[in-house]
Structures are given as C-alpha cells and as structure tokens.
>>> print(open('query-v6.cif').read())   # mmCIF, C-alpha atoms
data_coords
loop_
_atom_site.label_atom_id
_atom_site.label_comp_id
_atom_site.auth_asym_id
_atom_site.auth_seq_id
_atom_site.Cartn_x
_atom_site.Cartn_y
_atom_site.Cartn_z
CA MET W 1 26.30 119.53 -49.90
CA ALA W 2 23.52 119.57 -52.45
CA ASP W 3 21.07 121.64 -50.47
CA ALA W 4 23.42 124.59 -50.03
CA ALA W 5 23.67 124.76 -53.78
CA LYS W 6 19.91 124.62 -54.20
CA ILE W 7 19.45 127.79 -52.19
CA ALA W 8 21.67 129.76 -54.51
CA ALA W 9 20.08 128.10 -57.50
CA GLN W 10 16.56 128.98 -56.54
CA GLY W 11 17.52 132.51 -55.60
CA ALA W 12 15.54 132.41 -52.37
CA SER W 13 14.88 130.32 -49.32
CA ARG W 14 11.24 131.34 -49.18
CA ALA W 15 8.33 131.13 -51.57
CA PRO W 16 7.54 134.32 -53.44
CA ALA W 17 4.97 136.50 -51.75
CA ASN W 18 2.64 136.20 -54.75
CA ALA W 19 2.82 132.41 -54.97
CA GLY W 20 -0.91 131.79 -54.91
CA ASP W 21 -2.80 128.53 -55.02
CA ALA W 22 -2.93 128.57 -58.81
CA VAL W 23 0.86 128.52 -58.99
CA VAL W 24 1.33 126.01 -56.17
CA GLY W 25 -1.27 123.69 -57.67
CA ASP W 26 -3.31 120.87 -56.14
CA LEU W 27 -1.75 117.75 -54.72
CA PRO W 28 -1.37 115.36 -57.69
CA ALA W 29 -3.66 112.32 -57.72
CA ASP W 30 -0.83 109.84 -57.07
CA ALA W 31 0.20 111.79 -53.99
CA ALA W 32 -3.39 112.37 -52.90
CA ARG W 33 -3.95 108.61 -52.74
CA TRP W 34 -1.02 108.24 -50.36
CA GLU W 35 -2.18 111.25 -48.40
CA SER W 36 -5.61 109.72 -47.89
CA SER W 37 -4.14 106.48 -46.53
CA ALA W 38 -1.69 108.11 -44.11
CA ARG W 39 -2.08 108.50 -40.39
CA ARG W 40 -1.22 112.15 -39.76
CA VAL W 41 0.21 113.24 -36.43
CA SER W 42 1.69 116.55 -35.28
CA THR W 43 4.48 116.78 -32.71
CA PRO W 44 5.93 119.91 -31.05
CA ALA W 45 8.71 121.86 -32.74
CA GLY W 46 9.47 124.66 -30.33
CA ALA W 47 6.47 126.97 -30.50
CA ASN W 48 5.34 125.23 -33.69
CA THR W 49 4.66 121.68 -34.88
CA ILE W 50 6.05 119.06 -37.25
CA THR W 51 3.58 117.11 -39.38
CA TRP W 52 4.28 113.37 -39.70
CA ARG W 53 2.68 110.81 -41.99
CA ILE W 54 2.75 107.17 -40.98
CA TRP W 55 2.24 104.15 -43.22
CA GLY W 56 2.67 100.40 -42.97
CA ASN W 57 3.38 97.90 -40.23
CA GLY W 58 6.62 96.42 -38.99
CA SER W 59 9.92 97.69 -37.65
CA PRO W 60 10.18 101.50 -37.54
CA VAL W 61 11.86 103.38 -40.39
CA VAL W 62 12.25 107.17 -40.51
CA LEU W 63 12.38 108.83 -43.96
CA LEU W 64 13.82 112.36 -44.10
CA HIS W 65 13.32 114.44 -47.25
CA GLY W 66 15.62 117.00 -48.87
CA ASN W 67 15.74 120.79 -48.90
CA SER W 68 12.71 122.51 -50.42
CA GLY W 69 10.92 119.18 -50.34
CA SER W 70 8.35 117.27 -48.32
CA TRP W 71 7.24 113.70 -47.70
CA THR W 72 6.56 113.50 -51.44
CA HIS W 73 10.28 113.15 -52.17
CA TRP W 74 9.67 109.51 -51.13
CA ILE W 75 6.48 108.94 -53.12
CA ARG W 76 7.96 106.19 -55.32
CA ASN W 77 9.41 104.31 -52.36
CA LEU W 78 6.45 104.21 -49.99
CA ASP W 79 4.80 101.13 -51.47
CA ALA W 80 7.92 98.95 -51.34
CA LEU W 81 9.02 100.07 -47.88
CA SER W 82 5.62 100.13 -46.18
CA ALA W 83 5.10 96.48 -47.12
CA HIS W 84 7.70 95.54 -44.49
CA HIS W 85 8.00 98.48 -42.10
CA THR W 86 6.17 101.22 -40.28
CA LEU W 87 7.26 104.41 -42.02
CA TYR W 88 7.50 107.67 -40.10
CA VAL W 89 7.79 110.48 -42.65
CA PRO W 90 7.90 114.09 -41.43
CA ASP W 91 7.60 117.33 -43.29
CA LEU W 92 10.66 119.03 -41.83
CA PRO W 93 10.14 122.39 -40.09
CA GLY W 94 9.44 125.12 -42.61
CA HIS W 95 8.62 122.59 -45.35
CA GLY W 96 5.38 121.17 -46.73
CA ASP W 97 2.63 121.07 -44.12
CA ALA W 98 4.94 121.83 -41.20
CA ASP W 99 4.54 125.18 -39.52
CA PRO W 100 6.98 127.97 -40.35
CA TYR W 101 9.94 127.71 -38.00
CA THR W 102 10.40 130.87 -35.96
CA ASN W 103 13.63 130.06 -34.08
CA THR W 104 17.13 130.01 -35.55
CA PRO W 105 17.38 126.58 -37.23
CA THR W 106 20.36 124.32 -36.53
CA MET W 107 21.08 120.71 -37.43
CA ALA W 108 21.37 119.75 -33.76
CA GLY W 109 18.14 121.56 -32.91
CA PHE W 110 16.21 119.90 -35.74
CA ALA W 111 17.63 116.49 -34.81
CA SER W 112 16.41 116.95 -31.24
CA LEU W 113 12.95 117.98 -32.45
CA LEU W 114 12.76 114.88 -34.64
CA TRP W 115 13.85 112.62 -31.80
CA HIS W 116 11.30 114.18 -29.46
CA GLY W 117 8.68 113.55 -32.13
CA MET W 118 9.73 109.92 -32.43
CA ASP W 119 9.56 109.57 -28.64
CA GLU W 120 5.86 110.43 -28.92
CA LEU W 121 5.18 108.28 -31.97
CA LEU W 122 7.04 105.04 -31.28
CA PRO W 123 5.01 102.33 -29.55
CA GLU W 124 7.93 101.70 -27.18
CA HIS W 125 10.24 104.42 -25.86
CA GLY W 126 13.82 103.97 -27.03
CA LEU W 127 12.89 101.44 -29.71
CA PRO W 128 15.74 101.20 -32.27
CA VAL W 129 14.95 102.69 -35.66
CA ASP W 130 16.41 102.74 -39.15
CA ILE W 131 16.89 106.22 -40.62
CA LEU W 132 17.00 106.96 -44.35
CA GLY W 133 17.92 110.50 -45.32
CA PHE W 134 17.86 112.06 -48.77
CA SER W 135 20.11 115.10 -49.43
CA LEU W 136 19.47 117.55 -46.57
CA GLY W 137 17.68 114.70 -44.83
CA SER W 138 20.89 112.67 -44.90
CA VAL W 139 22.70 115.38 -42.92
CA LEU W 140 19.89 115.49 -40.38
CA ALA W 141 20.01 111.69 -40.25
CA GLU W 142 23.72 111.88 -39.40
CA THR W 143 23.00 114.37 -36.64
CA MET W 144 20.23 112.21 -35.21
CA ALA W 145 22.53 109.18 -35.26
CA VAL W 146 25.27 111.03 -33.38
CA GLU W 147 22.77 112.30 -30.81
CA ARG W 148 21.39 108.82 -30.04
CA PRO W 149 23.74 106.21 -31.51
CA ALA W 150 22.26 103.37 -29.48
CA GLN W 151 18.81 103.98 -30.96
CA VAL W 152 19.84 103.88 -34.63
CA ARG W 153 20.00 100.38 -36.09
CA LYS W 154 20.92 101.29 -39.68
CA LEU W 155 21.73 104.62 -41.27
CA VAL W 156 21.20 105.09 -45.03
CA LEU W 157 22.59 108.30 -46.55
CA LEU W 158 21.25 109.02 -50.04
CA ARG W 159 23.38 111.76 -51.61
CA GLY W 160 26.20 112.35 -54.06
CA SER W 161 29.01 113.62 -51.86
CA PHE W 162 30.72 112.36 -48.72
CA SER W 163 33.58 114.87 -48.86
CA ASP W 164 34.03 117.78 -46.48
CA GLY W 165 34.71 120.44 -49.10
CA PRO W 166 32.28 122.84 -50.79
CA LEU W 167 30.33 121.74 -53.85
CA ALA W 168 30.09 123.67 -57.09
CA LEU W 169 26.67 124.84 -58.24
CA PRO W 170 25.61 123.38 -61.59
CA GLU W 171 25.21 125.93 -64.35
CA GLY W 172 21.96 126.70 -66.09
CA ILE W 173 19.55 127.11 -63.17
CA ARG W 174 16.52 129.27 -63.91
CA ARG W 175 15.13 131.50 -61.18
CA TRP W 176 11.48 131.26 -60.23
CA ARG W 177 10.91 134.10 -57.76
CA GLY W 178 8.07 136.36 -58.75
CA VAL W 179 6.66 134.03 -61.42
CA ASP W 180 2.87 133.87 -61.09
CA ASP W 181 1.92 132.09 -64.30
CA PRO W 182 1.39 128.35 -63.63
CA ALA W 183 2.61 127.23 -67.05
CA GLU W 184 5.77 129.32 -66.83
CA MET W 185 6.43 128.09 -63.30
CA ALA W 186 6.01 124.47 -64.39
CA ALA W 187 8.42 124.99 -67.28
CA ILE W 188 11.02 126.50 -64.96
CA GLN W 189 10.70 123.69 -62.44
CA LYS W 190 10.93 121.05 -65.16
CA HIS W 191 14.11 122.68 -66.43
CA ASN W 192 15.62 122.91 -62.95
CA LEU W 193 14.76 119.28 -62.23
CA GLY W 194 16.88 118.34 -65.23
CA VAL W 195 19.78 120.44 -64.02
CA LEU W 196 19.70 119.56 -60.33
CA MET W 197 17.71 116.43 -59.61
CA ILE W 198 17.09 113.99 -62.48
CA HIS W 199 19.80 112.89 -64.92
CA ASP W 200 17.62 111.38 -67.66
CA THR W 201 15.31 114.21 -68.67
CA ALA W 202 12.96 111.70 -70.32
CA ARG W 203 12.09 110.60 -66.78
CA ILE W 204 10.90 114.04 -65.73
CA ASP W 205 7.19 113.36 -65.81
CA ALA W 206 4.19 115.49 -64.89
CA LEU W 207 4.19 114.12 -61.35
CA ALA W 208 7.80 115.14 -60.73
CA VAL W 209 7.12 118.65 -62.02
CA ALA W 210 3.97 119.05 -59.93
CA LEU W 211 5.67 117.82 -56.76
CA GLN W 212 8.73 119.97 -57.30
CA THR W 213 6.59 123.04 -57.89
CA ARG W 214 4.49 122.51 -54.77
CA ASN W 215 7.51 121.73 -52.65
CA VAL W 216 9.68 124.70 -53.52
CA LEU W 217 6.78 127.16 -53.29
CA ARG W 218 5.67 125.86 -49.90
CA THR W 219 9.12 126.02 -48.31
CA THR W 220 9.25 128.88 -45.79
CA LEU W 221 12.48 128.10 -43.95
CA ASP W 222 15.56 130.28 -44.31
CA MET W 223 18.04 127.47 -44.89
CA ARG W 224 21.23 129.50 -44.50
CA PRO W 225 21.66 129.21 -40.71
CA LEU W 226 20.67 125.54 -40.81
CA LEU W 227 23.28 124.72 -43.44
CA ALA W 228 25.90 126.86 -41.71
CA SER W 229 25.41 124.83 -38.52
CA ARG W 230 26.56 121.62 -40.19
CA THR W 231 30.03 120.42 -39.17
CA PRO W 232 32.08 117.70 -40.92
CA GLN W 233 32.86 116.24 -37.50
CA THR W 234 29.31 114.90 -37.30
CA PHE W 235 29.87 112.63 -40.30
CA HIS W 236 33.21 111.49 -38.89
CA ARG W 237 31.63 110.62 -35.52
CA LEU W 238 29.11 108.17 -36.94
CA THR W 239 29.08 104.63 -35.63
CA GLY W 240 27.10 101.50 -36.42
CA GLU W 241 25.92 100.23 -39.79
CA ILE W 242 26.19 102.90 -42.50
CA HIS W 243 25.10 102.75 -46.13
CA GLY W 244 25.85 105.42 -48.72
CA VAL W 245 23.64 105.43 -51.82
CA SER W 246 24.47 107.68 -54.78
CA GLY W 247 23.13 108.17 -58.27
CA GLU W 248 25.86 107.63 -60.86
CA PHE W 249 25.32 111.12 -62.26
CA ASP W 250 24.52 113.03 -59.08
CA VAL W 251 25.54 116.58 -60.01
CA TYR W 252 26.79 117.23 -56.49
CA GLY W 253 29.10 114.24 -56.36
CA GLY W 254 31.60 114.98 -59.11
CA ASP W 255 33.30 111.61 -59.42
CA VAL W 256 30.65 109.67 -57.53
CA ALA W 257 32.71 106.47 -57.43
CA GLU W 258 35.45 108.48 -55.75
CA GLN W 259 32.88 109.68 -53.22
CA GLY W 260 32.24 106.05 -52.39
CA ARG W 261 35.92 105.63 -51.68
CA VAL W 262 35.82 108.72 -49.47
CA LEU W 263 32.95 107.20 -47.50
CA LYS W 264 34.91 104.02 -46.89
CA GLN W 265 38.07 105.92 -45.99
CA VAL W 266 36.20 107.64 -43.18
CA HIS W 267 34.13 104.58 -42.25
CA PRO W 268 35.89 101.40 -43.47
CA SER W 269 32.94 99.17 -42.55
CA ALA W 270 30.42 101.31 -44.47
CA HIS W 271 28.66 100.01 -47.57
CA PHE W 272 28.52 102.07 -50.78
CA HIS W 273 25.87 101.53 -53.45
CA LEU W 274 26.03 103.21 -56.86
CA ILE W 275 22.75 103.55 -58.78
CA PRO W 276 23.52 103.40 -62.52
CA GLY W 277 22.09 106.10 -64.74
CA ALA W 278 20.50 108.10 -61.94
CA GLY W 279 20.94 111.67 -60.77
CA HIS W 280 20.54 113.33 -57.38
CA TRP W 281 16.87 112.36 -56.82
CA ALA W 282 17.65 108.70 -57.44
CA ILE W 283 14.86 107.54 -55.13
CA TYR W 284 12.43 108.96 -57.70
CA GLU W 285 14.26 108.62 -61.00
CA ALA W 286 15.48 105.07 -60.40
CA ALA W 287 12.88 103.77 -57.96
CA ASP W 288 12.68 100.39 -59.71
CA ALA W 289 16.38 99.87 -59.02
CA ILE W 290 16.64 101.50 -55.64
CA ASN W 291 13.57 100.02 -53.93
CA PRO W 292 14.84 96.41 -53.93
CA LEU W 293 18.18 97.69 -52.62
CA LEU W 294 16.58 99.59 -49.76
CA VAL W 295 14.33 96.67 -48.85
CA ASP W 296 17.36 94.37 -48.84
CA ILE W 297 19.39 96.74 -46.67
CA LEU W 298 16.61 97.09 -44.12
CA MET W 299 15.61 93.43 -44.02
CA LYS W 300 19.10 92.05 -43.40
CA GLY W 301 20.31 91.56 -39.87
#
>>> encode(input="query-v6.cif", output="structure tokens")
Amino acid sequence: MADAAKIAAQGASRAPANAGDAVVGDLPADAARWESSARRVSTPAGANTITWRIWGNGSPVVLLHGNSGSWTHWIRNLDALSAHHTLYVPDLPGHGDADPYTNTPTMAGFASLLWHGMDELLPEHGLPVDILGFSLGSVLAETMAVERPAQVRKLVLLRGSFSDGPLALPEGIRRWRGVDDPAEMAAIQKHNLGVLMIHDTARIDALAVALQTRNVLRTTLDMRPLLASRTPQTFHRLTGEIHGVSGEFDVYGGDVAEQGRVLKQVHPSAHFHLIPGAGHWAIYEAADAINPLLVDILMKG
C-alpha cells in the first residue's frame, strides 16, 4: 500500500527532534478559515485522545486521511461535501493535533477507537454512516466496515492499488530528517509531492507544500506496527456498497485500470472510478473532477 512506501521514502516515522515551529510553519490561511469554522471535539484513544473536526449538516460522513497527514488532506473537498452532509474528520492517532499514541498501533485497534469516537459524536447511536478513506485512511475504513458492517452505508476507498502484493517505492525521494531551514524543507517537500502525491507538478501550489510540510513534521506515530497489522483478508471480507477511486497516474497503482479489474474480481458489485490525469492525492490535485463524483456517490440511494 502507499503508506508503507512513504515511511521508507521519508526515512522516518517521526518528525525530527529539531523540527521547530519555523520549519513546521503556521497553518495556511485557506486551512485556517476551515479551522475557525469547525466544531472541534476530542474522544478517548486509550490513554490519549483523537481530535475531530465537524462541518456541515445532513447525513453523517467520515473522512479518514492518509499516512503522515491530517484533516487537511481533505481541504479541497470540504466545501462540496459539507453542503450536503455532516462531516466527521479526525486527525488519526499520532497525526496532526491528535495526541501521540503510546500503545502498539494496529488497524483493528484504531478502527475500534474511531468507532468509539463516532458513538460519542453521532446524534443517534448506531446511525449508519458513509466512510471515505484516502490511502492509509482507506485501509482503516475497510477495517471499520468489517467491524460494523451494518453501520456502514457506503464505503469509498481512494487509493491506487487493490492488490494484495507489495508495492514498489518510487525512485527519487529526498530525505528531510534533520533539515532545519524552512526554505530547504519546503523545497524537499515540494519535490517529494511530485514524486509521491501529485502527478502534474504544475498543480503543486504553495498550499500543498505548506500542508505537506506541516503534516509530515507533526506525525509522531511509528507506522511500522500499524502497517504490519494489515491483512488482505480484511479487504476480501467487505460487504455492502463499495467504490474504488484511483488517480490515473497513482504511483502506487502500476496499471491503475488493472487495479480496477482487481477490485471487481474480489467484489463484483463494486464500482471503480478512474480520475484522469491525477496522481495519488487525487482529492487535492483533481478536486474539480472528484468532488462532483463523491457528491453523486453519496447522494444516490
């Protein structure tokens, strides 16, 4: 999966010890506006807490971000989705504003923590929800859906690969550990975005670089045990309505169209959507194309 590759690419699962505020940077203005309009709630995560942001009104939709990310992975989708739904968007344990996670992380354990959080947040216990997961978030979404299949109305998996095998790491990643110059850090993150996340480098704007920099430097979770706890059987055990969404040039998909066929081989009733011209972070790079698709998926049925 993509997030296993990112760990090797970044050379660490934790921010460098000297990653000060000047390197992390302030929350960009576009994100700060969303931050100011959110309802923030914390729910228990073992001895720690998970920070959730809630926007909009309507049927409940959970948005799960990717590895070394935060709620800001969804920044270009919030407007379209919150117009129709109540969005529940956590910073996963050890990411963003969530506390560092002190227990051994597992997919099943994180899924249970997220469900317990939703039990506190939903206006009605057991209310069915739609879950959208990007990259690592898609694997957690699968695990949540297997844990409580009756409570998941629609499952949307946004990633490049639906195969069981290992994924090759793209070449050309630059390491960022130990860098304490903000300009150098920004240049490295912009480069890595072009290798890992965004296909059309002309679409790597200042916002993307700022968000990527903050996100990777604020990630404290050791991802290795979490990723090792993933089993292919979870994906095979999914039931209900499933949508796979992949950028055409997702670097972790290989032949992405073939990945769509793999999805439908495992789940013949699943729907596969290919986003032309987009890379791994298609929800950002191709938001104009993907937002109408997501709204349509969620509004039908």
>>> resolve_selection(input="query-v6.cif", expression="the PyMOL selection byres ((chain W and resi 257) around 12)", output="PyMOL selection string")
chain W and resi 160-162+244-250+253-256+258-264+272-276
>>> resolve_selection(input="query-v6.cif", expression="the PyMOL selection byres ((chain W and resi 174) around 7)", output="list in words")
Gly172, Ile173, Arg175, Trp176, Ile188 and Asn192 of chain W
>>> resolve_selection(input="query-v6.cif", expression="the PyMOL selection byres ((chain W and resi 114-126) around 8)", output="list in words")
Thr43, Pro44, Ile50, Pro60, Phe110, Ala111, Ser112, Leu113, Leu127, Pro128, Met144 and Gln151 of chain W
>>> closest_residue(input="query-v6.cif", among="W:Glu147, W:Asp222, W:Asp97, W:Glu171", to="Val251 in chain W", atoms="all atoms listed in the file")
W:Glu171
>>> atom_distance(input="query-v6.cif", atom1="CA of Gly133 in chain W", atom2="CA of Ala29 in chain W")
25.0 Å
>>> residues_around(input="query-v6.cif", residues="Arg76 in chain W", least_positions_apart="3", cutoff="10 Å", atoms="all atoms listed in the file", output="count of residues only")
15
>>> residues_around(input="query-v6.cif", residues="Pro149 in chain W", least_positions_apart="3", cutoff="8 Å", atoms="all atoms listed in the file", output="PDB file with C-alpha atoms, in the frame of the given file")
ATOM      1  CA  MET W 144      20.230 112.210 -35.210  1.00  0.00           C
ATOM      2  CA  ALA W 145      22.530 109.180 -35.260  1.00  0.00           C
ATOM      3  CA  VAL W 146      25.270 111.030 -33.380  1.00  0.00           C
ATOM      4  CA  VAL W 152      19.840 103.880 -34.630  1.00  0.00           C
ATOM      5  CA  LEU W 238      29.110 108.170 -36.940  1.00  0.00           C
ATOM      6  CA  THR W 239      29.080 104.630 -35.630  1.00  0.00           C
ATOM      7  CA  GLY W 240      27.100 101.500 -36.420  1.00  0.00           C
TER       8      GLY W 240
END
>>> closest_residue(input="query-v6.cif", among="W:Arg214, W:His84, W:Arg203, W:His95", to="Leu64 in chain W", atoms="only C-alpha atoms")
W:His95
>>> atom_distance(input="query-v6.cif", atom1="CA of Leu63 in chain W", atom2="CA of Ala141 in chain W")
9.0 Å
>>> closest_residue(input="query-v6.cif", among="W:Gln233, W:Thr49, W:Ser68, W:Asn215", to="Gly25 in chain W", atoms="only C-alpha atoms")
W:Asn215
>>> decode(input="query-v6.cif", residues="range 134-169 of chain W", atoms="C-alpha atoms", output="JSON list (two decimals), in the first residue's frame")
[["chain", "number", "residue", "atom", "x", "y", "z"],
["W", 134, "PHE", "CA", -7.71, 8.16, 1.46],
["W", 135, "SER", "CA", -4.57, 5.97, 1.30],
["W", 136, "LEU", "CA", -3.92, 4.75, 4.87],
["W", 137, "GLY", "CA", -7.40, 6.02, 5.68],
["W", 138, "SER", "CA", -8.85, 3.63, 3.11],
["W", 139, "VAL", "CA", -7.34, 0.66, 4.95],
["W", 140, "LEU", "CA", -8.73, 1.90, 8.25],
["W", 141, "ALA", "CA", -12.08, 2.43, 6.51],
["W", 142, "GLU", "CA", -12.03, -1.22, 5.40],
["W", 143, "THR", "CA", -11.30, -2.32, 8.95],
["W", 144, "MET", "CA", -14.11, -0.19, 10.35],
["W", 145, "ALA", "CA", -16.51, -1.61, 7.77],
["W", 146, "VAL", "CA", -15.62, -5.20, 8.67],
["W", 147, "GLU", "CA", -16.00, -4.45, 12.38],
["W", 148, "ARG", "CA", -19.51, -2.97, 11.99],
["W", 149, "PRO", "CA", -20.84, -3.85, 8.54],
["W", 150, "ALA", "CA", -24.43, -2.99, 9.42],
["W", 151, "GLN", "CA", -23.44, 0.58, 10.32],
["W", 152, "VAL", "CA", -21.63, 1.39, 7.06],
["W", 153, "ARG", "CA", -23.92, 2.57, 4.27],
["W", 154, "LYS", "CA", -21.28, 3.27, 1.61],
["W", 155, "LEU", "CA", -17.54, 2.69, 1.60],
["W", 156, "VAL", "CA", -15.32, 4.80, -0.68],
["W", 157, "LEU", "CA", -11.67, 3.71, -0.98],
["W", 158, "LEU", "CA", -9.43, 6.36, -2.55],
["W", 159, "ARG", "CA", -6.11, 4.74, -3.46],
["W", 160, "GLY", "CA", -4.16, 3.32, -6.38],
["W", 161, "SER", "CA", -3.92, -0.38, -5.54],
["W", 162, "PHE", "CA", -6.41, -3.08, -4.66],
["W", 163, "SER", "CA", -3.94, -5.95, -4.99],
["W", 164, "ASP", "CA", -2.57, -7.97, -2.09],
["W", 165, "GLY", "CA", 1.09, -7.83, -3.11],
["W", 166, "PRO", "CA", 3.80, -5.38, -2.04],
["W", 167, "LEU", "CA", 4.20, -2.07, -3.84],
["W", 168, "ALA", "CA", 7.46, -0.72, -5.20],
["W", 169, "LEU", "CA", 8.75, 2.57, -3.84]]
